[in-house]
Structure formats: structure tokens, C-alpha cells
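Structure file data.cif; described as mmCIF, C-alpha atoms.
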data_run
#
loop_
_atom_site.label_atom_id
_atom_site.label_comp_id
_atom_site.auth_asym_id
_atom_site.auth_seq_id
_atom_site.Cartn_x
_atom_site.Cartn_y
_atom_site.Cartn_z
CA MET S 29 186.39 129.02 -29.57
CA THR S 30 188.07 128.62 -26.19
CA GLN S 31 187.18 126.03 -23.59
CA ALA S 32 185.61 128.74 -21.41
CA ASP S 33 183.49 129.91 -24.35
CA PHE S 34 182.35 126.36 -24.98
CA GLU S 35 181.47 125.89 -21.30
CA THR S 36 179.11 128.84 -21.70
CA VAL S 37 177.60 127.19 -24.78
CA VAL S 38 177.04 123.99 -22.80
CA ASP S 39 175.38 125.92 -19.95
CA GLN S 40 173.09 127.75 -22.36
CA HIS S 41 172.08 124.79 -24.55
CA TRP S 42 172.25 121.69 -22.31
CA ASN S 43 168.50 121.60 -21.62
CA THR S 44 167.56 122.07 -25.27
CA VAL S 45 169.80 119.23 -26.43
CA TYR S 46 168.68 117.02 -23.54
CA ARG S 47 164.98 117.60 -24.35
CA LEU S 48 165.51 116.62 -27.99
CA LEU S 49 167.36 113.45 -27.11
CA TRP S 50 164.89 112.53 -24.36
CA SER S 51 162.04 112.78 -26.87
CA LEU S 52 163.94 110.49 -29.23
CA THR S 53 165.13 107.89 -26.71
CA GLY S 54 162.73 108.00 -23.76
CA ASP S 55 165.56 106.68 -21.60
CA ALA S 56 167.32 108.87 -19.04
CA HIS S 57 170.66 107.07 -19.18
CA GLU S 58 170.84 107.00 -22.96
CA THR S 59 169.75 110.64 -23.10
CA GLU S 60 172.49 111.66 -20.68
CA ASP S 61 175.13 109.73 -22.65
CA LEU S 62 174.01 111.18 -25.98
CA THR S 63 173.84 114.71 -24.58
CA GLN S 64 177.41 114.40 -23.37
CA GLU S 65 178.41 112.91 -26.73
CA THR S 66 176.76 115.84 -28.50
CA PHE S 67 178.77 118.44 -26.62
CA LEU S 68 181.98 116.43 -26.95
CA ARG S 69 181.47 116.30 -30.72
CA GLY S 70 180.58 119.99 -30.73
CA PHE S 71 183.76 120.89 -28.87
CA GLN S 72 185.87 118.72 -31.16
CA ARG S 73 184.26 120.30 -34.23
CA CYS S 74 183.79 123.87 -33.01
CA HIS S 75 186.09 125.02 -35.82
CA THR S 76 183.36 123.99 -38.29
CA PHE S 77 180.76 126.29 -36.74
CA GLN S 78 180.22 129.40 -38.81
CA PRO S 79 179.80 132.49 -36.62
CA GLY S 80 176.58 134.32 -37.35
CA THR S 81 174.63 131.11 -37.95
CA ASN S 82 172.23 129.44 -35.54
CA LEU S 83 174.29 127.80 -32.78
CA ARG S 84 171.25 126.02 -31.31
CA ALA S 85 170.39 124.49 -34.69
CA TRP S 86 174.03 123.41 -35.14
CA LEU S 87 174.00 121.64 -31.76
CA LEU S 88 170.61 120.03 -32.42
CA ARG S 89 171.93 118.69 -35.72
CA ILE S 90 174.92 117.18 -33.91
CA ALA S 91 172.53 115.68 -31.33
CA SER S 92 170.24 114.16 -33.94
CA ASN S 93 173.26 112.72 -35.77
CA ALA S 94 174.58 111.26 -32.49
CA PHE S 95 171.17 109.64 -31.90
CA LEU S 96 170.99 108.21 -35.44
CA ASP S 97 174.60 106.97 -35.22
CA GLU S 98 173.76 105.17 -31.96
CA ARG S 99 170.64 103.59 -33.50
CA ARG S 100 172.60 102.35 -36.51
CA LYS S 101 175.30 100.95 -34.24
CA ARG S 102 172.69 99.25 -32.06
CA LYS S 103 170.98 97.71 -35.10
CA ARG S 104 174.29 96.30 -36.29
CA ALA S 105 175.04 94.89 -32.82
CA LYS S 106 171.38 93.84 -32.34
CA LEU S 107 171.28 95.19 -28.80
CA ALA S 108 168.18 96.54 -27.11
CA PRO S 109 168.25 99.21 -24.41
CA LEU S 110 167.63 98.13 -20.84
CA GLU S 111 164.29 99.19 -19.42
CA ASP S 112 164.44 101.66 -16.57
CA ASP S 113 162.61 99.90 -13.72
CA LEU S 114 163.66 102.39 -11.06
CA ALA S 115 160.93 104.71 -9.90
CA GLY S 116 161.69 107.99 -8.19
CA PRO S 117 159.94 109.28 -5.09
CA SER S 118 156.37 110.45 -5.56
CA THR S 119 154.53 113.38 -4.08
CA ALA S 120 151.16 111.63 -3.75
CA PRO S 121 150.32 107.93 -4.01
CA GLY S 122 148.08 108.22 -7.07
CA TYR S 123 150.10 110.97 -8.76
CA ALA S 124 153.17 108.87 -9.48
CA LEU S 125 151.14 106.01 -10.89
CA GLU S 126 149.00 108.28 -13.06
CA THR S 127 152.04 110.19 -14.31
CA ALA S 128 153.90 106.97 -15.06
CA GLU S 129 150.92 105.55 -16.95
CA ARG S 130 150.40 108.70 -19.00
CA SER S 131 154.11 108.95 -19.69
CA ALA S 132 154.22 105.32 -20.79
CA LEU S 133 151.29 105.89 -23.16
CA VAL S 134 153.01 108.90 -24.74
CA ARG S 135 156.35 107.07 -25.02
CA SER S 136 154.61 104.08 -26.56
CA ALA S 137 152.77 106.24 -29.10
CA LEU S 138 155.96 108.14 -29.97
CA ALA S 139 157.95 104.90 -30.27
CA GLU S 140 155.58 103.76 -33.00
CA LEU S 141 156.72 106.69 -35.14
CA SER S 142 159.82 106.48 -37.29
CA ASP S 143 162.98 108.13 -35.95
CA LEU S 144 162.65 110.89 -38.55
CA THR S 145 159.00 111.57 -37.70
CA ARG S 146 159.82 111.72 -33.95
CA LEU S 147 162.71 114.07 -34.69
CA VAL S 148 160.54 116.38 -36.81
CA PHE S 149 157.77 116.33 -34.21
CA HIS S 150 160.14 117.26 -31.39
CA LEU S 151 161.95 120.00 -33.29
CA ARG S 152 158.69 121.62 -34.33
CA ALA S 153 156.54 121.07 -31.23
CA GLN S 154 159.10 121.32 -28.45
CA GLU S 155 161.85 123.50 -29.88
CA ASP S 156 159.46 125.69 -31.91
CA LEU S 157 161.70 125.68 -34.98
CA SER S 158 160.35 126.74 -38.35
CA PHE S 159 159.70 124.03 -40.93
CA ARG S 160 162.68 125.34 -42.87
CA GLU S 161 164.95 124.86 -39.83
CA VAL S 162 163.40 121.47 -39.07
CA ALA S 163 163.96 120.32 -42.64
CA GLU S 164 167.58 121.47 -42.55
CA LEU S 165 168.26 119.72 -39.23
CA ALA S 166 166.47 116.53 -40.25
CA GLY S 167 168.10 116.43 -43.67
CA THR S 168 164.84 116.56 -45.60
CA THR S 169 162.66 119.02 -47.50
CA GLU S 170 160.21 121.47 -45.95
CA GLN S 171 157.34 119.61 -47.58
CA ALA S 172 158.54 116.30 -46.13
CA ALA S 173 158.96 117.91 -42.70
CA ARG S 174 155.37 119.16 -42.86
CA TRP S 175 154.19 115.67 -43.84
CA HIS S 176 156.08 114.07 -40.93
CA MET S 177 154.63 116.63 -38.51
CA ARG S 178 151.09 116.00 -39.73
CA HIS S 179 151.64 112.25 -39.59
CA ALA S 180 152.87 112.52 -35.98
CA ARG S 181 149.89 114.66 -34.94
CA VAL S 182 147.35 112.33 -36.54
CA HIS S 183 149.01 109.29 -35.03
CA LEU S 184 149.19 110.80 -31.53
CA LEU S 185 145.56 111.94 -31.70
CA GLU S 186 144.46 108.46 -32.77
CA ARG S 187 146.47 106.75 -30.03
CA LEU S 188 146.01 109.21 -27.18
CA GLY S 189 142.75 110.98 -27.97
CA GLU S 190 141.98 114.67 -27.97
CA ASP S 191 141.61 114.92 -24.18
CA PHE S 192 145.17 113.78 -23.50
#

Can you turn what I pasted into C-alpha cells?
Amino acid sequence: MTQADFETVVDQHWNTVYRLLWSLTGDAHETEDLTQETFLRGFQRCHTFQPGTNLRAWLLRIASNAFLDERRKRKRAKLAPLEDDLAGPSTAPGYALETAERSALVRSALAELSDLTRLVFHLRAQEDLSFREVAELAGTTEQAARWHMRHARVHLLERLGEDF
């Protein structure tokens, strides 16, 4: 794969990878770093991609591995991410506050889930992957992926309510 070919891959899949990592980290800076790391790893390992297979799934697997590698490294170093205290401009006075509060509630509820459960939830709910694809990307069985998805749904419903 040439550099120009890979630039096309980045253009086509940047948002998908970014969404996955955002759902796992909840931090814009960390998400940006991990997204860049994902595509760097993908470019370095493009010779391992088998043509005819799912390129999006391959990139999402690299992204989830980059996230898990960073978490393991952080646990060893015992570092915590910095909180993002910067607020962007709002369109209406109440809108920004309401959006921030709702977003914080969702992030808090998702943070209570294990990394694997959050990964499964995102891949299934946001990326609309089949349970077979989710299981393959998450390194688990289809049955376990279904359990993690159900666990995430139940937990989010309990924490956020049905009207959320």
C-alpha cells in the first residue's frame, strides 16, 4: 500500500476511529493522540492487512489495542488523565450547561463499565457491527460480546433512565 493509498484510508476512516476512541476515553486530547497512533500503527503494519477483509474492522482493532496499551502503560506509571476544564463557545446560555451536564452523566455512567464492556457497547451501538465482528475485534466470544452489550444497556438504563 502506497502512502497516497493510506492517506485515502485515513480520510475515509478517521471519524470512525475517532468515535470509537472518544467513547473509550471521553477526553479530546487523548482521543486525538490515540487516533493518530492508530493510523501510524496501521501505516507501519499495512503489510499485515489481508486484501478482501474488512479494513474498518482492522483499523478498529488497532485502535482498541492502542487504547488498551495506553491504559496498561498508565496503570504501570500510575498516572491519571488531566480533566478538560476548557469549555467551548455556546449557542444559548442554557444549552451549553444542559449539554455539558448530560454529557457528564453519560461519561460517568460509561466510565463505570469495564474497558471491554465499553468497547463492546461502542462497536455494537455506534459502529453497528455484528456480534461476530464485535467479538473478533474485542478478542472474546460472541456469547461474551452479547453479555457485555446487555450489561452495558442495563447499567446505562439504571443510571440514566429510559427518558435519557

Give me the residues within 12 Å of S:His176 as an NGL selection string, counting all atoms listed in the file and dropping any in the same chain fewer than 4 places off.
:S and (141-153 or 159 or 162-163 or 166 or 168-172 or 180-183)

Using only C-alpha atoms, which of S:Gln154, S:Ser136, S:Thr81, S:Thr76 sits nearest S:Asn43?
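Distance minimum relative to S:Asn43 lands on S:Gln154.
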
Using only C-alpha atoms: which of S:Gln31, S:Ser92, S:Asn82, S:Ser131 has the shortest distance to S:Asp55
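Of all the options, S:Ser131 lies closest to S:Asp55.
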
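Counting all atoms listed in the file, the residue from S:Asn93, S:Tyr123, S:Gly54, S:Leu83 that sits nearest to S:Arg69 is S:Asn93.
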
Suppose a student applies the PyMOL selection byres ((chain S and resi 90) around 12) to this structure; what residues should they get, written as a ChimeraX atom specification?
/S:45,48-49,62-74,76-77,83-89,91-97,165-167

Evaluate the PyMOL selection byres ((chain S and resi 133) around 12) and report residues as JSON, numbers by chain:
{"S": [54, 126, 127, 128, 129, 130, 131, 132, 134, 135, 136, 137, 138, 139, 140, 184, 185, 187, 188, 189, 192]}

Once 5 Å is added on each side, what centre and edge lengths in Å to one decimal does the axis-aligned box around all listed atoms of stretch 140-152 of chain S have, as lines of an AutoDock Vina configuration file?
center_x = 159.3
center_y = 112.7
center_z = -35.0
size_x = 17.4
size_y = 27.9
size_z = 17.2

What is the atom CA of S:Thr30-atom CA of S:Asp61 distance in Å, reported with one decimal?
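We find that atom CA of S:Thr30 and atom CA of S:Asp61 lie 23.2 Å from each other.
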